[in-house]
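Q: Below is a structure I'd like to ask you about.
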Amino acid sequence: MSDTDNTPATGTVASAVTPYVAPSATPRPALPSWLLAALLVLAGAALAGFAVAWQTMNRQHVLEQELVRRQDASRGEASEAQAAAKQAQDLARDTAAKVALLDVRLAEVALQRGQLEELIQSMSRSRDENIIVDIEAAIRVAVQQTVITGSAEPLVAALRQADDRLARYKQPRMEGIRRAVARDLDRIKAISVVDVSTLTIRLDEAARLLDDLPLLSGPSRPETSARASAKAEAGKPAAASAPPPESDGQMARWMWQAHQRWDDAVKLVWGETRTLVRVTRIDHPEGMLIAPDQTFFLRENLKLRLLNARLALLSRQFDTAQSDLREVQETLGRYFDMRSRQVIAAKELLRQVAGQARQVTVPRPDDTLAALAATVAGR
């Protein structure tokens, strides 16, 4: 390309130089001035063109170098871009593979989360059901124990334990059960239940007193004689025991002493006579006709009756216990001295036991059982 551009310039110079002819021996006519000016103009134009062409060539060369440099740079950038694009493509491929793997794992995690939530809900429902089943079983067992023993303590303890367990669990759906438990507790506590242990203790005390109870056919009691003597002494005037004054003389004094001795002798004889003879009103003559050797069997028979009544109370057979207690009370009134404090105390014990030994029906916890059934059905 440079050779092609330089060729016209050389021709121009040659054409400009060609008219010049060496002077010969023969003189030639001089050139006109306009022709000379034209030649000068042509020469200047040729020089200017040459300069422009040279500058153009230089600029073109610089441009060619710049183009080559930029082309090399572009080729390098293109190579780098291709390498970067390849890396980006590989990265995109790896990213796509990772995203696909993450999608798979996310789907697995979502599936596991759903299964875990279902398991947690199932466990929660199972826990609620287990608590309800445990409470219902405990209450039913307590109801059976209450029916067997006649005591409300097993049922009250079971209801209190159920209330404490529900209070610790703190489930809103269990609040209805807690309210039902509270109502059943109040209804059961409102009744008066027979205290069998206290009644058996009183029966044991009455059986212990039987050995010391005085019979109608037995000897008179020392306390009765002492009480009668005390009353007789209290009924005598106080002046009778006072000694006579000294002014009455020695004879009066002897007479008073003799009178006192006579009174003492009469009192002694009267006291001994009263111990031999006793006048008593007897409503049941068979009580006086019992032989002394039969008193042992009478007391043992009463003890057996009290033992039967005790066993009947423990087995919740209140009718049998009432029958035995009535028989013991009638026997006490027939054969024993009802003026004795011990007999009165024993009969009072038997009366208290007979008054408290009655059948009491403990109410069933129907509200609690209904609330438990409704909670299970509404799950």
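Each chain in the structure tokens gets a letter, A, B and so on, in the order shown; residues start at 1 in every chain, and ligands are counted from 1 in the order they appear.
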Write out as a tab-separated table the residues of range 141-186 of chain A that have any atom within 9 Å of an atom of range 372-378 of chain A, one row each with the nearest atom pair and its distance in Å to one decimal, counting only C-alpha atoms, sorted by chain and then rising number.

A:
```
residue	atom	partner	partner_atom	distance
A:Arg173	CA	A:Thr375	CA	7.5
A:Met174	CA	A:Thr375	CA	7.7
A:Gly176	CA	A:Thr375	CA	8.4
A:Ile177	CA	A:Leu372	CA	6.3
```

Q: Can you work out the spacing between CA of Val196 in chain A and CA of Gln317 in chain A in Å, to one decimal?

A: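 According to the coordinates, CA of Val196 in chain A and CA of Gln317 in chain A are separated by 11.5 Å.
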
Q: Using only C-alpha atoms, which residue out of A:Tyr169, A:Leu369, A:Arg274, A:Val99 lies closest to Ala138 in chain A?

A: A:Leu369

Q: Would you mind telling me which residue in A:Asp163, A:Asp184, A:Glu153, A:Glu300 lies nearest to Leu210 in chain A when using only C-alpha atoms?

A: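 The shortest atom-to-atom distance to Leu210 in chain A comes from A:Glu300.
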
Q: Please provide the set of residues having any atom within 9 Å of Ser340 in chain A, restricted to only C-alpha atoms, with same-chain residues fewer than 5 positions apart removed, written as a ChimeraX atom specification.

A: /A:213-214,345

Q: One decimal, Å: what's the distance from CA of Ala190 in chain A over to CA of Thr361 in chain A, could you say?

A: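 Those two atoms sit 12.0 Å apart.
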
Q: Can you measure CA of Leu203 in chain A to CA of Arg310 in chain A for me? One decimal in Å is fine.

A: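 Interatomic distance here is 6.8 Å.
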
Q: Excluding Phe336 in chain A and any residue of its chain fewer than 5 positions from it, enumerate the residues within 8 Å of it, using only C-alpha atoms, and give them as a ChimeraX atom specification.

A: /A:213-216,287,331,343
